[in-house]
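Next up, structure.cif (mmCIF, C-alpha atoms and all ligand atoms):
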```cif
data_run
loop_
_atom_site.label_atom_id
_atom_site.label_comp_id
_atom_site.auth_asym_id
_atom_site.auth_seq_id
_atom_site.Cartn_x
_atom_site.Cartn_y
_atom_site.Cartn_z
CA MET A 1 0.00 0.00 0.00
CA ALA A 2 1.31 3.46 -0.89
CA GLY A 3 2.30 5.84 1.89
CA ARG A 4 0.77 9.24 2.58
CA LEU A 5 2.12 12.67 1.89
CA TYR A 6 1.49 15.13 4.73
CA ILE A 7 1.66 18.84 3.94
CA CYS A 8 2.65 20.23 7.29
CA ALA A 9 2.52 23.87 8.41
CA THR A 10 5.28 24.97 10.80
CA PRO A 11 5.71 28.19 12.87
CA ILE A 12 6.32 31.56 11.18
CA GLY A 13 8.40 32.76 14.12
CA ASN A 14 7.30 31.56 17.51
CA LEU A 15 8.30 27.89 17.77
CA GLU A 16 5.31 27.16 19.99
CA ASP A 17 2.93 27.72 17.09
CA ILE A 18 2.79 24.11 15.95
CA THR A 19 -0.13 21.74 16.43
CA PHE A 20 0.00 18.58 18.57
CA ARG A 21 -1.00 16.64 15.49
CA ALA A 22 1.86 18.07 13.44
CA VAL A 23 4.43 17.15 16.13
CA GLU A 24 3.02 13.62 16.43
CA THR A 25 2.94 13.13 12.67
CA LEU A 26 6.47 14.47 12.22
CA LYS A 27 7.58 11.84 14.77
CA GLN A 28 5.67 9.02 13.09
CA VAL A 29 6.41 9.48 9.39
CA GLN A 30 9.36 7.63 7.85
CA LEU A 31 10.80 10.76 6.24
CA ILE A 32 10.59 14.54 6.55
CA ALA A 33 11.24 16.56 3.38
CA ALA A 34 12.38 20.01 4.49
CA GLU A 35 13.13 23.16 2.49
CA ASP A 36 16.28 23.80 4.54
CA THR A 37 17.30 20.87 6.72
CA ARG A 38 19.52 23.00 8.98
CA HIS A 39 16.83 25.62 9.54
CA SER A 40 14.20 23.00 10.39
CA GLY A 41 16.67 21.25 12.68
CA THR A 42 15.97 23.82 15.40
CA LEU A 43 12.23 23.08 15.35
CA LEU A 44 12.68 19.33 15.16
CA SER A 45 15.13 19.17 18.07
CA ARG A 46 12.90 21.44 20.15
CA TYR A 47 10.14 18.81 19.94
CA GLY A 48 12.39 15.73 20.16
CA ILE A 49 11.64 14.69 16.58
CA HIS A 50 14.30 12.25 15.36
CA THR A 51 12.79 11.29 12.00
CA PRO A 52 15.27 11.26 9.08
CA VAL A 53 15.23 14.53 7.12
CA THR A 54 15.96 15.13 3.45
CA SER A 55 16.00 18.37 1.49
CA TYR A 56 13.22 19.41 -0.85
CA HIS A 57 13.51 22.94 -2.19
CA GLU A 58 12.96 25.26 -5.14
CA HIS A 59 16.05 24.02 -7.02
CA ASN A 60 15.54 20.24 -6.72
CA ARG A 61 11.74 20.23 -6.80
CA TYR A 62 11.43 18.11 -9.96
CA GLU A 63 14.24 15.54 -9.54
CA LYS A 64 13.69 15.16 -5.83
CA ALA A 65 9.93 14.75 -6.30
CA GLU A 66 10.70 11.51 -8.21
CA VAL A 67 12.80 10.23 -5.29
CA LEU A 68 10.07 11.08 -2.80
CA LEU A 69 7.36 9.52 -4.98
CA GLU A 70 9.40 6.30 -5.10
CA ARG A 71 9.43 6.21 -1.30
CA LEU A 72 5.69 6.93 -1.16
CA ARG A 73 4.97 4.15 -3.68
CA ALA A 74 7.01 1.80 -1.51
CA GLY A 75 4.70 2.59 1.40
CA ASP A 76 6.61 5.25 3.36
CA ASP A 77 4.75 8.19 4.85
CA ILE A 78 6.43 11.54 4.19
CA ALA A 79 5.83 14.98 5.76
CA LEU A 80 6.73 18.07 3.76
CA ILE A 81 7.75 21.18 5.69
CA THR A 82 9.24 24.52 4.68
CA ASP A 83 11.24 27.15 6.57
CA ALA A 84 8.10 28.86 7.83
CA GLY A 85 4.35 28.54 7.53
CA THR A 86 2.40 26.48 5.06
CA PRO A 87 4.16 24.70 2.19
CA VAL A 88 3.05 25.71 -1.34
CA ILE A 89 2.16 29.24 -0.17
CA SER A 90 5.07 31.16 -1.76
CA ASP A 91 7.10 28.08 -0.86
CA PRO A 92 8.01 24.74 -2.46
CA GLY A 93 5.43 21.95 -2.51
CA GLU A 94 3.20 22.44 -5.53
CA VAL A 95 5.13 20.05 -7.79
CA ILE A 96 5.19 17.12 -5.37
CA VAL A 97 1.54 17.64 -4.39
CA LYS A 98 0.46 17.61 -8.05
CA LEU A 99 2.52 14.56 -8.91
CA ALA A 100 1.42 12.62 -5.84
CA ARG A 101 -2.25 13.37 -6.49
CA LYS A 102 -1.86 12.34 -10.11
CA GLU A 103 -0.66 8.93 -8.94
CA GLY A 104 -3.53 8.57 -6.52
CA ILE A 105 -1.28 8.96 -3.47
CA GLU A 106 -3.14 10.35 -0.50
CA VAL A 107 -2.17 13.96 0.26
CA LEU A 108 -3.23 15.16 3.70
CA THR A 109 -2.99 18.56 5.32
CA LEU A 110 -1.61 19.37 8.74
CA PRO A 111 -2.90 22.96 8.86
CA GLY A 112 -1.32 25.69 10.91
CA PRO A 113 0.47 29.04 10.58
CA CYS A 114 0.38 31.01 7.37
CA ALA A 115 1.74 34.57 7.34
CA LEU A 116 -0.94 35.96 5.02
CA ILE A 117 -3.80 34.71 7.19
CA ALA A 118 -2.08 35.82 10.39
CA ALA A 119 -1.57 39.29 8.90
CA LEU A 120 -5.10 39.64 7.57
CA SER A 121 -6.55 38.58 10.92
CA VAL A 122 -4.87 41.46 12.79
CA SER A 123 -4.88 44.10 10.02
CA GLY A 124 -8.32 45.57 10.62
CA ILE A 125 -8.72 45.68 6.82
CA ALA A 126 -11.75 43.96 5.25
CA GLY A 127 -11.27 40.20 5.52
CA ARG A 128 -14.45 38.97 3.85
CA ARG A 129 -12.91 38.90 0.36
CA PHE A 130 -9.23 39.04 -0.42
CA CYS A 131 -6.69 38.07 -3.05
CA PHE A 132 -3.16 36.93 -2.37
CA GLU A 133 -0.40 37.83 -4.81
CA GLY A 134 2.59 36.48 -2.87
CA PHE A 135 5.77 38.30 -3.90
CA LEU A 136 5.35 40.72 -6.82
CA PRO A 137 7.31 39.49 -9.87
CA ALA A 138 10.95 40.65 -10.01
CA ASP A 139 10.73 41.23 -13.77
CA ASN A 140 9.73 44.86 -14.39
CA VAL A 141 7.27 44.20 -17.20
CA GLU A 142 5.47 41.41 -15.33
CA ARG A 143 5.48 43.50 -12.18
CA ARG A 144 3.85 46.44 -13.96
CA ALA A 145 1.23 44.12 -15.44
CA VAL A 146 0.34 42.69 -12.01
CA LEU A 147 0.22 46.17 -10.45
CA GLU A 148 -2.09 47.35 -13.23
CA GLU A 149 -4.41 44.41 -12.49
CA LEU A 150 -4.37 45.21 -8.79
CA LYS A 151 -5.36 48.82 -9.49
CA THR A 152 -8.96 47.80 -10.10
CA GLU A 153 -9.07 44.87 -7.67
CA PRO A 154 -12.03 45.42 -5.33
CA ARG A 155 -10.94 42.74 -2.83
CA THR A 156 -8.32 43.28 -0.13
CA VAL A 157 -4.88 42.62 -1.61
CA ILE A 158 -2.22 40.72 0.32
CA LEU A 159 1.46 40.75 -0.66
CA TYR A 160 4.66 39.32 0.76
CA GLU A 161 7.73 41.51 0.61
CA ALA A 162 11.38 41.27 1.60
CA PRO A 163 12.67 44.24 3.67
CA HIS A 164 15.25 45.32 1.04
CA HIS A 165 12.48 45.76 -1.58
CA LEU A 166 9.92 47.33 0.72
CA LYS A 167 10.79 50.98 0.04
CA SER A 168 10.50 50.73 -3.76
CA THR A 169 7.43 48.47 -3.56
CA LEU A 170 5.57 50.94 -1.34
CA GLN A 171 6.41 53.79 -3.73
CA GLU A 172 5.20 51.76 -6.72
CA LEU A 173 2.03 50.74 -4.88
CA TYR A 174 1.27 54.36 -3.99
CA ARG A 175 1.90 55.55 -7.56
CA THR A 176 -0.30 52.83 -9.05
CA LEU A 177 -3.11 52.30 -6.55
CA GLY A 178 -3.43 55.79 -5.13
CA ASP A 179 -3.79 56.60 -1.46
CA ARG A 180 -5.44 53.66 0.26
CA GLN A 181 -5.18 52.08 3.69
CA ILE A 182 -2.38 49.59 4.20
CA ALA A 183 -1.45 47.41 7.15
CA LEU A 184 2.27 46.70 7.37
CA CYS A 185 2.41 43.46 9.33
CA ARG A 186 5.93 42.82 10.48
CA GLU A 187 7.66 40.02 12.39
CA LEU A 188 4.39 38.32 13.28
CA THR A 189 4.54 36.02 16.33
CA LYS A 190 8.09 37.26 17.04
CA LEU A 191 9.52 39.65 19.63
CA HIS A 192 9.06 42.77 17.48
CA GLU A 193 5.62 41.88 16.11
CA GLU A 194 3.81 44.91 14.74
CA ALA A 195 0.80 45.64 12.53
CA ALA A 196 0.87 49.34 11.63
CA VAL A 197 -2.09 50.72 9.71
CA MET A 198 -1.63 53.91 7.66
CA THR A 199 -2.19 55.24 4.17
CA LEU A 200 0.01 54.17 1.28
CA SER A 201 1.48 57.69 1.01
CA GLU A 202 2.36 57.64 4.72
CA ALA A 203 3.91 54.19 4.38
CA ALA A 204 5.96 55.25 1.35
CA ALA A 205 7.17 58.35 3.24
CA LEU A 206 7.92 56.40 6.44
CA TYR A 207 10.04 53.77 4.73
CA GLY A 208 11.66 56.42 2.54
CA GLU A 209 13.36 57.54 5.76
CA THR A 210 13.45 54.42 7.97
CA GLU A 211 15.29 51.24 7.06
CA PRO A 212 12.76 48.38 7.23
CA LYS A 213 13.72 45.39 9.35
CA GLY A 214 12.23 41.91 9.46
CA GLU A 215 9.65 40.06 7.41
CA PHE A 216 6.61 41.86 6.08
CA VAL A 217 3.12 41.09 4.90
CA LEU A 218 1.30 43.99 3.22
CA VAL A 219 -2.48 44.04 3.54
CA ILE A 220 -3.95 46.66 1.24
CA GLU A 221 -7.49 47.92 0.97
CA GLY A 222 -9.16 46.98 -2.33
CA ARG A 223 -10.51 49.65 -4.69
CA SER A 224 -13.72 50.94 -3.15
CA ARG A 225 -16.93 51.45 -5.17
CA GLU A 226 -16.58 55.21 -4.57
CA GLN A 227 -13.02 55.23 -5.92
CA ALA A 228 -14.12 53.16 -8.93
CA ALA A 229 -17.03 55.54 -9.61
CA ALA A 230 -14.81 58.64 -9.25
CA GLU A 231 -12.23 57.16 -11.63
CA THR A 232 -14.88 56.31 -14.25
CA ALA A 233 -16.43 59.76 -13.92
CA ALA A 234 -13.01 61.41 -14.34
CA LYS A 235 -12.36 59.29 -17.43
CA TRP A 236 -15.60 60.39 -19.12
CA GLU A 237 -15.36 64.03 -18.07
CA SER A 238 -13.01 64.84 -20.95
CA VAL A 239 -15.37 63.22 -23.48
CA SER A 240 -18.35 65.13 -24.89
CA LEU A 241 -21.86 63.76 -24.29
CA THR A 242 -22.34 63.13 -27.99
CA GLU A 243 -19.13 61.12 -28.22
CA HIS A 244 -20.07 59.23 -25.08
CA LEU A 245 -23.47 58.35 -26.55
CA GLN A 246 -21.89 57.37 -29.86
CA HIS A 247 -19.49 55.04 -28.04
CA TYR A 248 -22.34 53.00 -26.58
CA LEU A 249 -24.49 53.10 -29.72
CA GLU A 250 -21.51 51.63 -31.61
CA GLU A 251 -21.28 48.92 -28.97
CA GLY A 252 -24.84 47.93 -29.93
CA LEU A 253 -26.76 49.48 -27.00
CA SER A 254 -30.14 51.09 -27.63
CA GLN A 255 -30.48 54.88 -27.09
CA LYS A 256 -32.19 54.20 -23.74
CA GLU A 257 -29.59 51.69 -22.54
CA ALA A 258 -26.79 54.00 -23.67
CA MET A 259 -28.19 56.92 -21.65
CA LYS A 260 -28.56 54.69 -18.60
CA GLN A 261 -24.91 53.61 -18.87
CA MET A 262 -23.78 57.22 -19.49
CA ALA A 263 -25.56 58.34 -16.34
CA LYS A 264 -23.82 55.61 -14.37
CA ASP A 265 -20.41 56.50 -15.84
CA ARG A 266 -20.80 60.17 -14.97
CA GLY A 267 -22.43 59.75 -11.60
CA VAL A 268 -25.57 61.68 -12.63
CA THR A 269 -29.21 60.75 -13.36
CA LYS A 270 -30.55 59.51 -16.67
CA ARG A 271 -32.75 62.62 -16.75
CA ASP A 272 -29.67 64.86 -16.50
CA ILE A 273 -28.20 63.10 -19.52
CA TYR A 274 -31.47 63.32 -21.45
CA ASN A 275 -31.92 67.02 -20.66
CA GLU A 276 -28.36 67.91 -21.59
CA LEU A 277 -28.57 66.00 -24.87
CA GLN A 278 -31.84 67.81 -25.63
CA ARG A 279 -30.26 71.20 -24.89
CA GLN A 280 -27.33 70.32 -27.17
CA LYS A 281 -29.74 69.37 -29.96
CA GLU A 282 -31.62 72.67 -29.55
CA ARG A 283 -28.38 74.64 -29.63
CA GLU A 284 -27.30 72.80 -32.77
CA GLY A 285 -30.75 73.53 -34.31
CA GLU A 286 -30.40 77.26 -33.56
CA ALA A 287 -26.92 77.45 -35.06
N1 LIG B 1 4.85 29.64 3.42
C1 LIG B 1 4.90 30.83 4.19
C2 LIG B 1 3.51 31.11 4.72
O1 LIG B 1 2.72 30.20 4.87
O2 LIG B 1 3.22 32.27 5.03
C3 LIG B 1 5.49 31.99 3.42
C4 LIG B 1 6.88 31.77 2.95
S1 LIG B 1 7.53 33.11 2.01
C5 LIG B 1 8.99 32.39 1.38
C6 LIG B 1 8.20 34.15 3.24
C7 LIG B 1 7.47 35.48 3.34
O3 LIG B 1 6.34 35.30 4.18
C8 LIG B 1 8.27 36.58 3.99
O4 LIG B 1 9.09 37.26 3.05
C9 LIG B 1 7.20 37.47 4.54
O5 LIG B 1 6.64 38.28 3.52
C10 LIG B 1 6.16 36.44 4.98
N2 LIG B 1 6.39 36.06 6.38
C11 LIG B 1 6.83 34.88 6.84
N3 LIG B 1 6.89 34.90 8.18
C12 LIG B 1 6.50 36.12 8.59
C13 LIG B 1 6.35 36.77 9.85
N4 LIG B 1 6.65 36.15 10.99
N5 LIG B 1 5.89 38.04 9.88
C14 LIG B 1 5.58 38.68 8.73
N6 LIG B 1 5.72 38.12 7.52
C15 LIG B 1 6.17 36.86 7.44
#
```
Can you present the structure in this file as structure tokens?
Amino acid sequence: MAGRLYICATPIGNLEDITFRAVETLKQVQLIAAEDTRHSGTLLSRYGIHTPVTSYHEHNRYEKAEVLLERLRAGDDIALITDAGTPVISDPGEVIVKLARKEGIEVLTLPGPCALIAALSVSGIAGRRFCFEGFLPADNVERRAVLEELKTEPRTVILYEAPHHLKSTLQELYRTLGDRQIALCRELTKLHEEAAVMTLSEAAALYGETEPKGEFVLVIEGRSREQAAAETAAKWESVSLTEHLQHYLEEGLSQKEAMKQMAKDRGVTKRDIYNELQRQKEREGEA
């Protein structure tokens, strides 16, 4: 019978943040696959876990997955851990999980810490709907593309960021998204834990002067309906009513539907649009 693959969350700082079940399972499995065996050694020795450990990281994720799958096929249970938090979440794990599932190997979760959830829970920023982007792409073109997408994202946006990129990221976020609320969640569960809520302009100014230290999760307010409406209204302000109407008629809308949409775009009533179009017609008739 094939073994099981356990996807095991480990602490994101405070070593006490590990479940009883995770500790027991880490003791019972035949092998632990760890992102960095030395780093995880501290956690494993703290809990008296003497299970053999092998490395499974970003750079050996394909070749090593084959080795691990062989062990699973032979009936060994394996637990996958990373340096902090939940595997797969901006961490290795996706490849082995996919391959194991494809072979019908049981993949089980040992849930626990995850920096994005920890940050969202203390941020005070809307938690009902959110999207997680992980680290923004390093490539400039891809990065711009993602930032452009985030500009209109109505859900709360959560990002991971390394301290040495924080200053430029905050400036880019402010330039692209405008002045919204942000929670800078730093060193969660550690001695210098902090969740500071401010506006993006304040954050960009603060870290323009102060050198950021530690690990950060950025929780950013999504684009509000008011902001979306103001942006649409501003966009149409420079366009004449006749052009605006023409735009929708060319899209196949009826005159009535077009006026309804125009009113929505400009933040006015349909009657306002109708009256203004009438006045324009009269003026054109007089001329
Ligand atoms: N798999 C992890 C998880 O479940 O959150 C994330 C791993 S990712 C490589 C590391 C990033 O997570 C850091 O750069 C930081 O953005 C965030 N992070 C991890 N631990 C953190 C902590 N204690 N406080 C704030 N952010 C943390």
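Minimum atom-to-atom distances from A:Gly3, A:Gly124, A:Gly267, A:Gly134 to ligand LIG 1 (chain B) were compared using all atoms listed in the file, and the lowest value belongs to A:Gly134.
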Task: Within 9 Å of region 87-99 of chain A using all atoms listed in the file, minus same-chain residues under 4 positions, as a ChimeraX atom specification - done: /A:5,7-10,35,56-58,61-62,64-66,68-69,80-83,103-105,107,114,134-135,160
Write to file, as a compact mmCIF listing (two decimals), keeping the file's coordinate frame, the residues of the selection just made, with C-alpha atoms.
```txt
# COMPACT_ATOMS: atom_id res chain seq x y z
CA LEU A 5 2.12 12.67 1.89
CA ILE A 7 1.66 18.84 3.94
CA CYS A 8 2.65 20.23 7.29
CA ALA A 9 2.52 23.87 8.41
CA THR A 10 5.28 24.97 10.80
CA GLU A 35 13.13 23.16 2.49
CA TYR A 56 13.22 19.41 -0.85
CA HIS A 57 13.51 22.94 -2.19
CA GLU A 58 12.96 25.26 -5.14
CA ARG A 61 11.74 20.23 -6.80
CA TYR A 62 11.43 18.11 -9.96
CA LYS A 64 13.69 15.16 -5.83
CA ALA A 65 9.93 14.75 -6.30
CA GLU A 66 10.70 11.51 -8.21
CA LEU A 68 10.07 11.08 -2.80
CA LEU A 69 7.36 9.52 -4.98
CA LEU A 80 6.73 18.07 3.76
CA ILE A 81 7.75 21.18 5.69
CA THR A 82 9.24 24.52 4.68
CA ASP A 83 11.24 27.15 6.57
CA GLU A 103 -0.66 8.93 -8.94
CA GLY A 104 -3.53 8.57 -6.52
CA ILE A 105 -1.28 8.96 -3.47
CA VAL A 107 -2.17 13.96 0.26
CA CYS A 114 0.38 31.01 7.37
CA GLY A 134 2.59 36.48 -2.87
CA PHE A 135 5.77 38.30 -3.90
CA TYR A 160 4.66 39.32 0.76
```
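Here atom N6 of ligand LIG 1 (chain B) is placed at a distance of 28.4 Å from CA of His50 (chain A).
Nearest to Val23 (chain A) of all the residues A:Ser201, A:Gln261, A:Ser45, A:Thr54 is A:Ser45, based on only C-alpha atoms.
Using all atoms listed in the file for every distance, the candidate list A:Ala183, A:Val146, A:Leu31, A:Ala100 yields A:Ala183 as the residue closest to ligand LIG 1 (chain B).
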Kindly assemble as a tab-separated table a list of the chain A residues that lie within 6 Å of ligand LIG 1 (chain B), each paired with its nearest atom pair and their distance in Å to one decimal, using only C-alpha atoms and all ligand atoms, sorted first by chain and then by ascending residue number.
```
residue	atom	partner	partner_atom	distance
A:Ile12	CA	B:LIG1	N3	4.5
A:Gly13	CA	B:LIG1	N4	4.9
A:Ala84	CA	B:LIG1	C1	5.2
A:Gly85	CA	B:LIG1	O1	3.5
A:Thr86	CA	B:LIG1	O1	3.7
A:Pro87	CA	B:LIG1	N1	5.1
A:Ile89	CA	B:LIG1	N1	4.5
A:Ser90	CA	B:LIG1	S1	4.9
A:Asp91	CA	B:LIG1	N1	5.1
A:Cys114	CA	B:LIG1	O1	3.5
A:Ala115	CA	B:LIG1	O2	3.6
A:Leu116	CA	B:LIG1	O2	5.6
A:Tyr160	CA	B:LIG1	O5	3.6
A:Glu161	CA	B:LIG1	O5	4.5
A:Ala162	CA	B:LIG1	O4	4.8
A:Cys185	CA	B:LIG1	C14	5.8
A:Arg186	CA	B:LIG1	C14	4.5
A:Glu187	CA	B:LIG1	N5	3.7
A:Leu188	CA	B:LIG1	N5	3.7
A:Thr189	CA	B:LIG1	N4	5.7
A:Glu215	CA	B:LIG1	N6	4.4
A:Phe216	CA	B:LIG1	N6	4.1
A:Val217	CA	B:LIG1	O5	4.7
```
Open item on the list: Given all atoms listed in the file as the basis, pick out the residue of A:Thr19, A:Gln30, A:Thr199, A:Ser168 nearest to Val219 (chain A).
Closed with: A:Thr199
Task: Straight-line distance linking CA of Gly75 (chain A) with CA of Leu108 (chain A), stated in Å to one decimal - done: 15.0 Å
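Of the residues listed (A:His244, A:Arg4, A:Arg283, A:Lys264), A:Arg4 shows the shortest atom-to-atom separation from Arg101 (chain A); distances use only C-alpha atoms.
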